[in-house]
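Asks: Quick one: the structure is below, questions incoming.
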Amino acid sequence: MNAGEFDWIATGFRPLAAAVAGARDLRDDAAVLPVSGLEHLVVSTDVLVEAVHFRSLDPAGLVGRKALRTNLSDMAAMGTCPWVYTLGLAVGAGLDAASWTMEIAEGLALDQREFGVGLAGGDTVRSAGPSMLSITIFGRPGPGGVLGRADARPGDDIWVSGSIGDAALGLRILEGNLDTARTTTALVDRYLLPQPRIALGLALPGLAHAAIDLSDGLLQDLGHVCRESGTAARIRLDTVPLSAPAAVLVADRTVDVPDLLAGGDDYELLFTAPVAARAGIEAAGRGSGTVVTRIGDMVDGDGVTVLDHRDNEVHLETAGYRHD
């Protein structure tokens, strides 16, 4: 680490760790976090890579916030309260390292205040290639325990939060692949700054059987739940919730709803729950200020089937984003 990187830590990141017990003011090689009284500690890591998960033109502050929010979304899917996080930052070639790093720190500061988390440590390096951000987040389970992907059961309802496909449309707008004449900046905002459903996620243990956050597309992520649970899923195309801007694009046939099911970066929650929990799920949605929608059910078998309004199967070309 060179002198400049010490300056970035002292100026940009040390203030983010001020309220974290055990962070040691980011002056040591590691944090020493007090975890007495915790039966479990929930941990997740996400990596964002330039030109894969964000564009070089995206504002650095928003890139930092997106990196943190993708991890917060993992906490939400586990029904867990986020606590602290660590940051690995590789500053790509050709960037003004000091400026870019400080913008990242400023963005993180905004979300620390909004979501009540703190920085516990990390590392900053220069990269000869693309910029990268890696965040590891730690969370405390609530009294209802944690959720996972493996406990969905035949007969469960399938629910999703918010709306589907907005971020994928926002990326197409930014890349110049979609006519924006009849859309709004709301779609671009959904791509640049996802909304982790923390409050809803914390309300789901005890109501839901399984949950996942939608990062790689609804169909692909629902497929993960099916595989882990040993079940199949049926979703109904006409029940998939769309935002007003997305609905406009569907209505004028600029895009199709099946395309939106394969779009990534939604960071909504998909979860399954017994029919008896419907009233509780709807109350959890109202209590968290989050729209929740039933879009199908879990059944015996394997895989995901998409049905139209006449219950005919819809055959899709792709299920979603793949990391390989």
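By convention in this document, the chains of the structure tokens carry letters A, B, ... by their order, each chain's residues are numbered from 1, and ligands are numbered from 1 in the order they are shown.
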Give me the residues within 12 Å of Ala97 of chain A as a list in words, counting only C-alpha atoms and dropping any in the same chain fewer than 3 places off.

Replies: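 Neighbouring residues, sequence-local ones excluded: Gly4, Glu5, Asp7, Trp8, Ala60, Leu89, Ala90, Val91, Gly92, Ala93, Gly94, Trp100, Thr101, Met102, Glu103, Ile104, Thr124, Val125, Arg126, Ser127 and Ser131 of chain A.
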
Asks: So that I have them on file, write out the residues from the current selection with all heavy atoms, as a short mmCIF file (atom, residue, chain, number, x, y, z; two decimals), in the first residue's frame.

Replies:
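Done, and the output landed in selection27.cif:
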data_model
loop_
_atom_site.label_atom_id
_atom_site.label_comp_id
_atom_site.auth_asym_id
_atom_site.auth_seq_id
_atom_site.Cartn_x
_atom_site.Cartn_y
_atom_site.Cartn_z
N GLY A 4 -0.46 7.26 -0.90
CA GLY A 4 -1.76 7.74 -1.36
C GLY A 4 -2.90 6.88 -0.86
O GLY A 4 -3.95 7.40 -0.46
N GLU A 5 -2.70 5.57 -0.83
CA GLU A 5 -3.76 4.69 -0.36
C GLU A 5 -4.00 4.87 1.13
O GLU A 5 -5.14 4.77 1.60
CB GLU A 5 -3.40 3.24 -0.71
CG GLU A 5 -3.51 2.96 -2.20
CD GLU A 5 -2.80 1.69 -2.63
OE1 GLU A 5 -1.70 1.42 -2.12
OE2 GLU A 5 -3.35 0.98 -3.47
N ASP A 7 -3.74 7.67 2.63
CA ASP A 7 -4.52 8.91 2.68
C ASP A 7 -5.99 8.65 2.35
O ASP A 7 -6.89 9.21 2.98
CB ASP A 7 -3.94 9.94 1.71
CG ASP A 7 -2.57 10.45 2.14
OD1 ASP A 7 -2.27 10.35 3.35
OD2 ASP A 7 -1.83 10.95 1.28
N TRP A 8 -6.23 7.80 1.33
CA TRP A 8 -7.63 7.49 0.96
C TRP A 8 -8.35 6.83 2.13
O TRP A 8 -9.52 7.13 2.39
CB TRP A 8 -7.68 6.55 -0.24
CG TRP A 8 -6.92 7.04 -1.43
CD1 TRP A 8 -6.58 8.33 -1.73
CD2 TRP A 8 -6.42 6.24 -2.50
NE1 TRP A 8 -5.89 8.39 -2.91
CE2 TRP A 8 -5.77 7.11 -3.41
CE3 TRP A 8 -6.44 4.88 -2.78
CZ2 TRP A 8 -5.17 6.65 -4.57
CZ3 TRP A 8 -5.85 4.42 -3.94
CH2 TRP A 8 -5.21 5.29 -4.83
N ALA A 60 -19.15 6.83 -9.85
CA ALA A 60 -18.47 5.98 -8.86
C ALA A 60 -19.26 5.87 -7.57
O ALA A 60 -19.32 4.80 -6.95
CB ALA A 60 -17.07 6.52 -8.58
N LEU A 89 -11.31 -3.11 -2.76
CA LEU A 89 -11.47 -2.17 -3.86
C LEU A 89 -10.23 -2.20 -4.74
O LEU A 89 -9.12 -1.94 -4.28
CB LEU A 89 -11.69 -0.76 -3.31
CG LEU A 89 -11.91 0.38 -4.30
CD1 LEU A 89 -13.18 0.14 -5.11
CD2 LEU A 89 -12.01 1.70 -3.55
N ALA A 90 -10.41 -2.55 -6.01
CA ALA A 90 -9.33 -2.50 -7.00
C ALA A 90 -9.64 -1.38 -7.98
O ALA A 90 -10.66 -1.41 -8.67
CB ALA A 90 -9.20 -3.83 -7.74
N VAL A 91 -8.78 -0.38 -8.01
CA VAL A 91 -8.99 0.80 -8.85
C VAL A 91 -8.35 0.55 -10.21
O VAL A 91 -7.14 0.35 -10.31
CB VAL A 91 -8.40 2.06 -8.20
CG1 VAL A 91 -8.70 3.29 -9.05
CG2 VAL A 91 -8.95 2.23 -6.78
N GLY A 92 -9.16 0.57 -11.25
CA GLY A 92 -8.71 0.19 -12.58
C GLY A 92 -7.77 1.19 -13.23
O GLY A 92 -7.67 2.36 -12.83
N ALA A 93 -7.08 0.70 -14.25
CA ALA A 93 -6.14 1.53 -15.00
C ALA A 93 -6.86 2.69 -15.66
O ALA A 93 -8.00 2.57 -16.12
CB ALA A 93 -5.44 0.68 -16.06
N GLY A 94 -6.19 3.83 -15.70
CA GLY A 94 -6.74 4.99 -16.39
C GLY A 94 -7.65 5.86 -15.55
O GLY A 94 -8.07 6.92 -16.01
N TRP A 100 -11.81 8.73 -7.69
CA TRP A 100 -12.76 7.61 -7.82
C TRP A 100 -12.99 6.96 -6.46
O TRP A 100 -14.12 6.65 -6.09
CB TRP A 100 -12.22 6.60 -8.82
CG TRP A 100 -13.24 5.64 -9.36
CD1 TRP A 100 -14.18 5.87 -10.32
CD2 TRP A 100 -13.41 4.27 -8.96
NE1 TRP A 100 -14.92 4.74 -10.55
CE2 TRP A 100 -14.46 3.74 -9.73
CE3 TRP A 100 -12.76 3.44 -8.05
CZ2 TRP A 100 -14.89 2.42 -9.61
CZ3 TRP A 100 -13.19 2.12 -7.91
CH2 TRP A 100 -14.25 1.62 -8.69
N THR A 101 -11.91 6.78 -5.70
CA THR A 101 -12.03 6.16 -4.39
C THR A 101 -12.85 7.01 -3.44
O THR A 101 -13.68 6.50 -2.68
CB THR A 101 -10.63 5.91 -3.81
OG1 THR A 101 -9.88 5.09 -4.70
CG2 THR A 101 -10.71 5.23 -2.45
N MET A 102 -12.64 8.32 -3.47
CA MET A 102 -13.40 9.19 -2.58
C MET A 102 -14.88 9.21 -2.94
O MET A 102 -15.74 9.28 -2.06
CB MET A 102 -12.82 10.60 -2.61
CG MET A 102 -11.45 10.72 -1.95
SD MET A 102 -11.44 10.10 -0.25
CE MET A 102 -12.68 11.16 0.50
N GLU A 103 -15.18 9.15 -4.22
CA GLU A 103 -16.60 9.08 -4.63
C GLU A 103 -17.23 7.79 -4.15
O GLU A 103 -18.40 7.79 -3.72
CB GLU A 103 -16.71 9.22 -6.14
CG GLU A 103 -16.43 10.61 -6.67
CD GLU A 103 -16.62 10.69 -8.18
OE1 GLU A 103 -17.56 10.06 -8.68
OE2 GLU A 103 -15.81 11.36 -8.85
N ILE A 104 -16.50 6.68 -4.21
CA ILE A 104 -17.00 5.42 -3.66
C ILE A 104 -17.32 5.59 -2.18
O ILE A 104 -18.39 5.20 -1.70
CB ILE A 104 -15.96 4.30 -3.85
CG1 ILE A 104 -15.76 3.96 -5.34
CG2 ILE A 104 -16.36 3.05 -3.05
CD1 ILE A 104 -16.88 3.19 -5.97
N THR A 124 -7.47 -1.66 -0.32
CA THR A 124 -7.55 -0.88 -1.55
C THR A 124 -6.26 -1.07 -2.34
O THR A 124 -5.18 -0.90 -1.79
CB THR A 124 -7.74 0.62 -1.24
OG1 THR A 124 -8.91 0.78 -0.45
CG2 THR A 124 -7.91 1.41 -2.53
N VAL A 125 -6.39 -1.45 -3.62
CA VAL A 125 -5.22 -1.67 -4.47
C VAL A 125 -5.48 -1.04 -5.83
O VAL A 125 -6.61 -0.70 -6.17
CB VAL A 125 -4.92 -3.18 -4.64
CG1 VAL A 125 -4.62 -3.83 -3.32
CG2 VAL A 125 -6.08 -3.89 -5.34
N ARG A 126 -4.42 -0.91 -6.61
CA ARG A 126 -4.56 -0.52 -8.00
C ARG A 126 -4.63 -1.77 -8.86
O ARG A 126 -4.05 -2.80 -8.52
CB ARG A 126 -3.39 0.37 -8.43
CG ARG A 126 -3.39 1.75 -7.79
CD ARG A 126 -2.22 2.57 -8.29
NE ARG A 126 -2.17 3.88 -7.67
CZ ARG A 126 -2.75 4.97 -8.20
NH1 ARG A 126 -3.41 4.88 -9.32
NH2 ARG A 126 -2.65 6.13 -7.58
N SER A 127 -5.32 -1.65 -9.98
CA SER A 127 -5.47 -2.78 -10.89
C SER A 127 -4.96 -2.39 -12.27
O SER A 127 -5.22 -1.28 -12.75
CB SER A 127 -6.95 -3.19 -10.99
OG SER A 127 -7.17 -4.07 -12.05
N SER A 131 -11.72 -2.12 -12.90
CA SER A 131 -11.99 -1.85 -11.49
C SER A 131 -12.89 -2.96 -10.94
O SER A 131 -13.71 -3.53 -11.66
CB SER A 131 -12.69 -0.51 -11.32
OG SER A 131 -11.87 0.55 -11.76
#

Asks: Can you work out which one of A:Leu16, A:Leu57, A:Leu214, A:Ala246 has the shortest atom-to-atom distance to Pro194 of chain A, counting only C-alpha atoms?

Replies: A:Leu214

Asks: Write out as a Markdown table a residue-level contact list of segment 188-263 of chain A versus segment 268-286 of chain A with cut-off 7 Å: for each qualifying residue the closest pair of atoms and the distance in Å to one decimal, counting only C-alpha atoms, rows sorted by chain and residue number upward.

Replies:
| residue | atom | partner | partner_atom | distance |
| --- | --- | --- | --- | --- |
| A:Pro196 | CA | A:Glu268 | CA | 7.0 |
| A:Arg197 | CA | A:Glu268 | CA | 6.8 |
| A:Leu200 | CA | A:Ala284 | CA | 6.3 |
| A:Ala203 | CA | A:Ala284 | CA | 6.0 |
| A:Leu207 | CA | A:Ala277 | CA | 5.9 |
| A:Ala208 | CA | A:Ala273 | CA | 4.3 |
| A:His209 | CA | A:Ala273 | CA | 5.3 |
| A:Ala210 | CA | A:Thr272 | CA | 5.4 |
| A:Ala211 | CA | A:Phe271 | CA | 4.0 |
| A:Ile212 | CA | A:Leu270 | CA | 5.5 |
| A:Asp213 | CA | A:Leu269 | CA | 4.5 |
| A:Leu214 | CA | A:Glu268 | CA | 5.3 |

Asks: Write a file of the just-selected residues containing all heavy atoms, as a PDB file, in the first residue's frame.

Replies:
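Output file again27.pdb follows:
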ATOM      1  N   PRO A 196     -32.740  -2.717  -1.845  1.00  0.00           N
ATOM      2  CA  PRO A 196     -32.797  -3.954  -1.059  1.00  0.00           C
ATOM      3  C   PRO A 196     -34.001  -3.958  -0.129  1.00  0.00           C
ATOM      4  O   PRO A 196     -34.279  -2.970   0.550  1.00  0.00           O
ATOM      5  CB  PRO A 196     -31.480  -3.937  -0.276  1.00  0.00           C
ATOM      6  CG  PRO A 196     -31.062  -2.507  -0.234  1.00  0.00           C
ATOM      7  CD  PRO A 196     -31.567  -1.886  -1.509  1.00  0.00           C
ATOM      8  N   ARG A 197     -34.702  -5.067  -0.075  1.00  0.00           N
ATOM      9  CA  ARG A 197     -35.966  -5.161   0.667  1.00  0.00           C
ATOM     10  C   ARG A 197     -35.719  -5.673   2.096  1.00  0.00           C
ATOM     11  O   ARG A 197     -36.240  -6.714   2.512  1.00  0.00           O
ATOM     12  CB  ARG A 197     -36.929  -6.070  -0.082  1.00  0.00           C
ATOM     13  CG  ARG A 197     -37.183  -5.655  -1.528  1.00  0.00           C
ATOM     14  CD  ARG A 197     -37.764  -4.257  -1.629  1.00  0.00           C
ATOM     15  NE  ARG A 197     -38.145  -3.917  -3.023  1.00  0.00           N
ATOM     16  CZ  ARG A 197     -38.694  -2.784  -3.398  1.00  0.00           C
ATOM     17  NH1 ARG A 197     -38.933  -1.839  -2.491  1.00  0.00           N
ATOM     18  NH2 ARG A 197     -39.013  -2.559  -4.659  1.00  0.00           N
ATOM     19  N   LEU A 200     -38.901  -6.010   4.522  1.00  0.00           N
ATOM     20  CA  LEU A 200     -39.724  -7.160   4.157  1.00  0.00           C
ATOM     21  C   LEU A 200     -39.018  -8.458   4.524  1.00  0.00           C
ATOM     22  O   LEU A 200     -39.627  -9.372   5.097  1.00  0.00           O
ATOM     23  CB  LEU A 200     -40.035  -7.136   2.657  1.00  0.00           C
ATOM     24  CG  LEU A 200     -40.797  -8.349   2.123  1.00  0.00           C
ATOM     25  CD1 LEU A 200     -42.174  -8.455   2.756  1.00  0.00           C
ATOM     26  CD2 LEU A 200     -40.913  -8.273   0.592  1.00  0.00           C
ATOM     27  N   ALA A 203     -39.308  -9.555   8.009  1.00  0.00           N
ATOM     28  CA  ALA A 203     -40.648  -9.979   8.410  1.00  0.00           C
ATOM     29  C   ALA A 203     -41.002 -11.382   7.925  1.00  0.00           C
ATOM     30  O   ALA A 203     -42.025 -11.930   8.341  1.00  0.00           O
ATOM     31  CB  ALA A 203     -41.680  -8.978   7.879  1.00  0.00           C
ATOM     32  N   LEU A 207     -43.054 -16.989   8.262  1.00  0.00           N
ATOM     33  CA  LEU A 207     -44.124 -16.957   7.272  1.00  0.00           C
ATOM     34  C   LEU A 207     -43.733 -17.718   6.009  1.00  0.00           C
ATOM     35  O   LEU A 207     -44.499 -18.545   5.513  1.00  0.00           O
ATOM     36  CB  LEU A 207     -44.456 -15.505   6.895  1.00  0.00           C
ATOM     37  CG  LEU A 207     -45.088 -14.620   7.954  1.00  0.00           C
ATOM     38  CD1 LEU A 207     -45.126 -13.165   7.476  1.00  0.00           C
ATOM     39  CD2 LEU A 207     -46.510 -15.098   8.270  1.00  0.00           C
ATOM     40  N   ALA A 208     -42.549 -17.425   5.498  1.00  0.00           N
ATOM     41  CA  ALA A 208     -42.084 -18.033   4.254  1.00  0.00           C
ATOM     42  C   ALA A 208     -41.300 -19.304   4.534  1.00  0.00           C
ATOM     43  O   ALA A 208     -40.688 -19.465   5.599  1.00  0.00           O
ATOM     44  CB  ALA A 208     -41.213 -17.044   3.487  1.00  0.00           C
ATOM     45  N   HIS A 209     -41.307 -20.204   3.546  1.00  0.00           N
ATOM     46  CA  HIS A 209     -40.504 -21.422   3.636  1.00  0.00           C
ATOM     47  C   HIS A 209     -39.124 -21.233   3.002  1.00  0.00           C
ATOM     48  O   HIS A 209     -38.143 -21.780   3.489  1.00  0.00           O
ATOM     49  CB  HIS A 209     -41.216 -22.577   2.926  1.00  0.00           C
ATOM     50  CG  HIS A 209     -42.362 -23.126   3.691  1.00  0.00           C
ATOM     51  ND1 HIS A 209     -43.452 -23.724   3.084  1.00  0.00           N
ATOM     52  CD2 HIS A 209     -42.612 -23.176   5.032  1.00  0.00           C
ATOM     53  CE1 HIS A 209     -44.308 -24.132   4.012  1.00  0.00           C
ATOM     54  NE2 HIS A 209     -43.827 -23.807   5.199  1.00  0.00           N
ATOM     55  N   ALA A 210     -39.057 -20.503   1.895  1.00  0.00           N
ATOM     56  CA  ALA A 210     -37.794 -20.330   1.168  1.00  0.00           C
ATOM     57  C   ALA A 210     -37.777 -18.949   0.545  1.00  0.00           C
ATOM     58  O   ALA A 210     -38.830 -18.355   0.277  1.00  0.00           O
ATOM     59  CB  ALA A 210     -37.645 -21.399   0.081  1.00  0.00           C
ATOM     60  N   ALA A 211     -36.559 -18.437   0.293  1.00  0.00           N
ATOM     61  CA  ALA A 211     -36.434 -17.106  -0.311  1.00  0.00           C
ATOM     62  C   ALA A 211     -35.115 -16.997  -1.048  1.00  0.00           C
ATOM     63  O   ALA A 211     -34.145 -17.708  -0.745  1.00  0.00           O
ATOM     64  CB  ALA A 211     -36.539 -16.008   0.758  1.00  0.00           C
ATOM     65  N   ILE A 212     -35.086 -16.073  -2.011  1.00  0.00           N
ATOM     66  CA  ILE A 212     -33.876 -15.775  -2.782  1.00  0.00           C
ATOM     67  C   ILE A 212     -34.006 -14.349  -3.287  1.00  0.00           C
ATOM     68  O   ILE A 212     -35.127 -13.855  -3.467  1.00  0.00           O
ATOM     69  CB  ILE A 212     -33.724 -16.763  -3.960  1.00  0.00           C
ATOM     70  CG1 ILE A 212     -32.350 -16.639  -4.629  1.00  0.00           C
ATOM     71  CG2 ILE A 212     -34.845 -16.591  -4.983  1.00  0.00           C
ATOM     72  CD1 ILE A 212     -32.065 -17.738  -5.654  1.00  0.00           C
ATOM     73  N   ASP A 213     -32.881 -13.667  -3.479  1.00  0.00           N
ATOM     74  CA  ASP A 213     -32.982 -12.349  -4.114  1.00  0.00           C
ATOM     75  C   ASP A 213     -32.738 -12.521  -5.612  1.00  0.00           C
ATOM     76  O   ASP A 213     -32.015 -13.419  -6.048  1.00  0.00           O
ATOM     77  CB  ASP A 213     -32.042 -11.325  -3.477  1.00  0.00           C
ATOM     78  CG  ASP A 213     -30.595 -11.466  -3.901  1.00  0.00           C
ATOM     79  OD1 ASP A 213     -30.138 -12.612  -4.072  1.00  0.00           O
ATOM     80  OD2 ASP A 213     -29.922 -10.434  -4.036  1.00  0.00           O
ATOM     81  N   LEU A 214     -33.359 -11.663  -6.401  1.00  0.00           N
ATOM     82  CA  LEU A 214     -33.355 -11.801  -7.854  1.00  0.00           C
ATOM     83  C   LEU A 214     -32.219 -10.977  -8.443  1.00  0.00           C
ATOM     84  O   LEU A 214     -32.369  -9.791  -8.710  1.00  0.00           O
ATOM     85  CB  LEU A 214     -34.703 -11.363  -8.431  1.00  0.00           C
ATOM     86  CG  LEU A 214     -35.902 -12.175  -7.946  1.00  0.00           C
ATOM     87  CD1 LEU A 214     -37.192 -11.649  -8.581  1.00  0.00           C
ATOM     88  CD2 LEU A 214     -35.734 -13.659  -8.256  1.00  0.00           C
TER      89      LEU A 214
END

Asks: Check the smallest atom-to-atom distance from each of A:Gly230, A:Gly118, A:Gly201, A:Gly79 to Val160 of chain A using only C-alpha atoms, then report the winner.

Replies: A:Gly201

Asks: Using only C-alpha atoms, which of A:Ala233, A:Val314, A:Val255, A:Leu119 sits nearest Pro82 of chain A?

Replies: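 Checking each of A:Ala233, A:Val314, A:Val255, A:Leu119 against Pro82 of chain A, counting only C-alpha atoms, the winner is A:Leu119.
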